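Reviewing the structure listed below.
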Amino acid sequence: MREVDYGEVRVTDHRGRDDLLSAGLGLAGLAGLPLPFVNPLDPTAEELRQRAIQTNWKGIADLGPLGGYGTVYGGVPDVPGREYQAFARIPGARAPHRVLLQLPDHFDKQKRCLVVAPSSGSRGIYGAIALAGAWGLPRGCAVAYTDKGTGTGYFDYADNSGVALDGRRAKRGEAELEFQPSPAPPSAGIAVKHMHSGDNPEADWGRHVIQAAQFGLAMLDRAFPDQAPFTPQNTKIIATGLSNGGGAVLQAAGLDNEHFFAGVVALEPNVYATGHGRAMYDYATEAAIWLPCALSSARFAGVPFARMPNGMPPPAWLLRCASLRAQGKLRGDTVAEQAEQGYQYLQARGWTDEAISTAASTTAFDLWRVIAAGYASSYLRRGATDMPCGFRYAALGVGGLPGATDPFARAGWWADGAGIPPDKSIGLFGGTQVSTDPTLIGMECLRALWTGGDHEAQALHASIAAAAARLPRSDLPLWIVHGAGDGLLPTAFSSEPYVAWLRGEGREPNYWRVPYAQHFDAFLALPGFGEHHVPLLPFGYAALDRLWSYLYEGATWPTDVPTPAAQPRGAGALARSMLGLP
């Protein structure tokens, strides 16, 4: 393994009315309204950190009154300690990835434990705190995070500013920035590290995880010189992540030939191994085109987000059926016939009814188009001014059109963003035409990058192939937890073929395909949605608990563990019995 490459390390103390896990907010504060800044145009580093922690908790966990967090499972105890933060670089990368170690004051020197966690989705450095921090910090583990080359260090060409190490805005040349793209005119809009770094960061997610763990070990050496060195031989390193973070820890597992990791727990991973399953870009571009029509079928009439208050599908979904019919891809003369044929098409492509039903939320929020446009730019290593298919990010102006950046919003981007626009102040523009189905042309262009054979399609396929997971070592304790109802990363395309591949190669991963769990625990607080599902986080905590018992308490590593018999929450509050955990 290479040594960690980092420069300035920012060390901060978090005690008293502040802490590592909730920034002093506690559970009620995390679930509350976004925290205001004293000076909205120039928030302090402390204010930005507090709001970033709140934003990432609310983006990952169900903190609603019926969700059971803090009563049925999980908790947010006060955890005083220190943070060590830096920019690290993968050799050859243009942009750094942010790394952070949270070191609790009650770090257990007898049970040396380092949890390493990449962010979920495209989130910033605190994007796994609800999983890794909530589980590891109260146990006395140190927790190392990486944004894995994604994050919210947005660069605004309008004022030539990005994000410094402390989260505050800084101009190019004033400080080292989380992301500093090539110069361009003020009209170039907004550049996002995941999409515009030119690095294809997904191909290095496993290396980011390993480098974050190395950073954590180095900071432990600094904190406890009398106990140094901290190494994988005397400190158990547990890798865990969810969604893209889950895929990142599985990538890291495939690079571990030196017994670096003591165990890996991946939740709802975006994982793809060459020849096993489907790449997310493949089924995301397919979903963006076909799901609106398929979800218009009467069979999905009772599905949350699939119908408007009048009981009808959204008009845009019906128009998608008409577009596909006009192209000759559907034959029916009625919407009902067309929608049913759209459903049959997806079913033949491997989509299950459960995945299609839950994907109504992703479709209603237009996430497929957002994901595909951003990832295409990342895979093709494009900048802010030449994204594929005419897409671009710009500040939202009057009437939803490109406009001047809101300086108040910009000041808080690092704390408020999810790493992949649009949001309330940044829009995704382009990829449209004047028609009754304006977004279809852009999606067909993005889809052609997967199905086509020109040089751009070949380059995109090469980037996706570079991000494929490799086979982990045979003795690595590995547990994968995935919701059976995941409509964003369906198990049929990701975890199931990956697990089957591992088992065919003599590995013995534990795999829970959790009934009634879906991708976004945070969505469970939405009216009409949560009663159909259970959260996934408690099952991740349970798998980590089993790993802890194996590593530190002499328990036998379990194999072929029965999947919990989870039940949907229903209209009331979540009860422990609904999880089906022992």
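Chain lettering (A, B, ...) mirrors the order of the structure tokens, residue numbering begins at 1 for each chain separately, and ligand numbering begins at 1 in order of display.
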Would you mind writing down, as a ChimeraX atom specification, each residue of range 184-427 of chain A that DSSP on the backbone assigns to strand (DSSP E or B)?
/A:190-191,236-242,263-267,273,276,392-396,402,426-427
Range 108-123 of chain A surroundings by only C-alpha atoms, 6 Å radius, close-in-sequence under 2 positions cut, as a PDB file with C-alpha atoms, in the first residue's frame:
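Result file follows (result.pdb):
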```pdb
ATOM      1  CA  GLY A 127     -22.108  11.465   4.023  1.00  0.00           C
ATOM      2  CA  ALA A 128     -21.756   8.235   6.048  1.00  0.00           C
ATOM      3  CA  GLY A 140     -14.880   3.848  21.144  1.00  0.00           C
ATOM      4  CA  CYS A 141     -13.845   3.341  17.532  1.00  0.00           C
ATOM      5  CA  ALA A 142     -12.158   6.059  15.530  1.00  0.00           C
ATOM      6  CA  VAL A 143     -13.990   6.716  12.255  1.00  0.00           C
ATOM      7  CA  ALA A 144     -12.237   7.729   9.041  1.00  0.00           C
ATOM      8  CA  TYR A 145     -14.316   9.186   6.207  1.00  0.00           C
ATOM      9  CA  THR A 146     -13.656  10.009   2.570  1.00  0.00           C
ATOM     10  CA  ASP A 147     -15.798  11.875   0.065  1.00  0.00           C
ATOM     11  CA  THR A 150     -17.300  13.453  -4.934  1.00  0.00           C
ATOM     12  CA  GLY A 151     -18.635  15.992  -2.440  1.00  0.00           C
ATOM     13  CA  ALA A 213      -7.884   4.316   6.391  1.00  0.00           C
ATOM     14  CA  THR A 235      -5.756  -2.111  14.782  1.00  0.00           C
ATOM     15  CA  LYS A 236      -8.825  -3.756  13.284  1.00  0.00           C
ATOM     16  CA  ILE A 237     -10.049  -1.811  10.268  1.00  0.00           C
ATOM     17  CA  ILE A 238     -13.740  -2.210   9.480  1.00  0.00           C
ATOM     18  CA  ALA A 239     -14.980  -0.812   6.146  1.00  0.00           C
ATOM     19  CA  THR A 240     -18.641   0.074   5.800  1.00  0.00           C
ATOM     20  CA  GLY A 241     -20.716   2.202   3.462  1.00  0.00           C
ATOM     21  CA  LEU A 242     -24.089   2.480   1.807  1.00  0.00           C
ATOM     22  CA  SER A 243     -25.196   3.017  -1.788  1.00  0.00           C
ATOM     23  CA  ASN A 244     -22.155   4.350  -3.665  1.00  0.00           C
ATOM     24  CA  GLY A 245     -20.300   4.043  -0.383  1.00  0.00           C
ATOM     25  CA  ALA A 418     -25.837  16.466  -1.774  1.00  0.00           C
ATOM     26  CA  GLY A 419     -23.002  16.417  -4.322  1.00  0.00           C
TER      27      GLY A 419
END
```
Env of Trp135 in chain A: 9 Å cut, atoms = only C-alpha atoms, seq-sep filter 4 positions within chain, self excluded. Answer as a compact mmCIF listing (two decimals) with N, CA and C atoms, in the first residue's frame.
```txt
# COMPACT_ATOMS: atom_id res chain seq x y z
N GLY A 74 -30.66 2.40 16.86
CA GLY A 74 -29.80 3.56 16.72
C GLY A 74 -29.85 4.49 17.92
N GLY A 75 -29.11 5.55 17.82
CA GLY A 75 -29.06 6.54 18.88
C GLY A 75 -28.06 7.62 18.55
N ILE A 129 -22.06 9.48 8.13
CA ILE A 129 -22.04 9.61 9.58
C ILE A 129 -23.19 8.86 10.24
N ALA A 130 -24.33 8.78 9.58
CA ALA A 130 -25.48 8.10 10.18
C ALA A 130 -25.28 6.59 10.23
N LEU A 131 -24.38 6.07 9.44
CA LEU A 131 -24.05 4.65 9.47
C LEU A 131 -22.79 4.41 10.31
N ARG A 139 -18.91 3.17 20.42
CA ARG A 139 -18.15 1.99 20.83
C ARG A 139 -16.70 2.29 21.17
N CYS A 141 -14.61 3.44 18.77
CA CYS A 141 -13.85 3.34 17.53
C CYS A 141 -13.54 4.74 17.00
N TYR A 541 -26.64 -1.93 11.06
CA TYR A 541 -26.10 -1.93 12.42
C TYR A 541 -25.99 -3.36 12.95
N LEU A 544 -23.03 -5.12 11.51
CA LEU A 544 -21.82 -4.62 12.14
C LEU A 544 -21.68 -5.16 13.56
N ASP A 545 -22.79 -5.29 14.28
CA ASP A 545 -22.75 -5.89 15.62
C ASP A 545 -22.19 -7.31 15.57
```
With only C-alpha atoms counted and 9 Å as the cut-off, give the residues of range 94-211 of chain A in contact with range 364-377 of chain A, each with its shortest interatomic distance in Å and the pair that gives it, as JSON lines.
```
{"residue": "A:His194", "atom": "CA", "partner": "A:Gly374", "partner_atom": "CA", "distance": 8.0}
{"residue": "A:Met195", "atom": "CA", "partner": "A:Ser377", "partner_atom": "CA", "distance": 5.4}
{"residue": "A:His196", "atom": "CA", "partner": "A:Ser377", "partner_atom": "CA", "distance": 6.8}
{"residue": "A:Gly198", "atom": "CA", "partner": "A:Ser377", "partner_atom": "CA", "distance": 8.8}
{"residue": "A:Asn200", "atom": "CA", "partner": "A:Ser377", "partner_atom": "CA", "distance": 8.9}
```
Let me see the file: selected residues, N, CA and C atoms, as a PDB file, in the first residue's frame.
```
ATOM      1  N   HIS A 194     -17.429  15.577  -8.665  1.00  0.00           N
ATOM      2  CA  HIS A 194     -17.712  14.229  -9.161  1.00  0.00           C
ATOM      3  C   HIS A 194     -17.861  14.219 -10.680  1.00  0.00           C
ATOM      4  N   MET A 195     -18.513  15.227 -11.212  1.00  0.00           N
ATOM      5  CA  MET A 195     -18.842  15.242 -12.623  1.00  0.00           C
ATOM      6  C   MET A 195     -17.771  15.883 -13.502  1.00  0.00           C
ATOM      7  N   HIS A 196     -16.972  16.794 -12.932  1.00  0.00           N
ATOM      8  CA  HIS A 196     -16.124  17.646 -13.770  1.00  0.00           C
ATOM      9  C   HIS A 196     -14.647  17.616 -13.415  1.00  0.00           C
ATOM     10  N   GLY A 198     -12.455  15.391 -14.218  1.00  0.00           N
ATOM     11  CA  GLY A 198     -11.639  14.761 -15.246  1.00  0.00           C
ATOM     12  C   GLY A 198     -10.948  13.496 -14.784  1.00  0.00           C
ATOM     13  N   ASN A 200     -12.666  10.506 -13.488  1.00  0.00           N
ATOM     14  CA  ASN A 200     -13.477   9.298 -13.333  1.00  0.00           C
ATOM     15  C   ASN A 200     -13.263   8.732 -11.924  1.00  0.00           C
TER      16      ASN A 200
END
```
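With distances restricted to only C-alpha atoms, A:Ser361 is the closest residue to Phe520 in chain A from A:Ser361, A:Gln341, A:Thr152, A:Asn310.
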Could you give me the residues within range 225-442 of chain A that DSSP places in alpha helix (DSSP H), as a PyMOL selection string?
chain A and resi 244-255+280-294+315-326+335-348+353-364+367-379+407-411+413-416+440-442
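If you measure from each of A:Met312, A:Leu63, A:Ala484, A:Ile190 to Gly162 in chain A using only C-alpha atoms, the closest one turns out to be A:Ile190.
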Test item: residues at most 7 Å from range 434-443 of chain A, only C-alpha atoms, excluding those fewer than 3 positions along its chain, as a list in words
Thr285, Ala288, Ile289, Ala316, Leu319, Arg320, Arg369, Cys389, Gly431, Leu446 and Arg447 of chain A
Give me the residues near Ala253 in chain A as a PyMOL selection string, where near means some atom within 9 Å (using only C-alpha atoms) and where sequence neighbours in that chain fewer than 6 positions away do not count.
chain A and resi 206+239+260-261+263-264+469-473+476+478
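Interatomic distance, CA of Asp226 in chain A against CA of Ala132 in chain A: 26.8 Å.
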For Gly530 in chain A, find every residue with an atom within 8 Å (counting only C-alpha atoms), except residues of its own chain fewer than 6 positions away, and show them as a list in words.
Phe523, Leu524, Arg569 and Gly570 of chain A
Excluding Phe300 in chain A and any residue of its chain fewer than 5 positions from it, enumerate the residues within 8 Å of it, using only C-alpha atoms, and give them as a PyMOL selection string.
chain A and resi 295+306+357
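In terms of minimum interatomic distance to Thr432 in chain A, A:Cys445 ranks closest within A:Ile53, A:Cys445, A:Val11, A:Ala542, counting only C-alpha atoms.
Considering the residues A:Ser323, A:Asn257, A:Tyr345, A:Arg576 and counting only C-alpha atoms, Asp475 in chain A has its shortest atom-to-atom contact with A:Asn257.
The closest residue to Asp221 in chain A, picked from A:Ile90, A:Ala45, A:Leu25, A:Leu103 and counting only C-alpha atoms, is A:Leu103.
If you measure from each of A:Gln50, A:Thr451, A:Gln233, A:Ser161 to Tyr283 in chain A using only C-alpha atoms, the closest one turns out to be A:Thr451.
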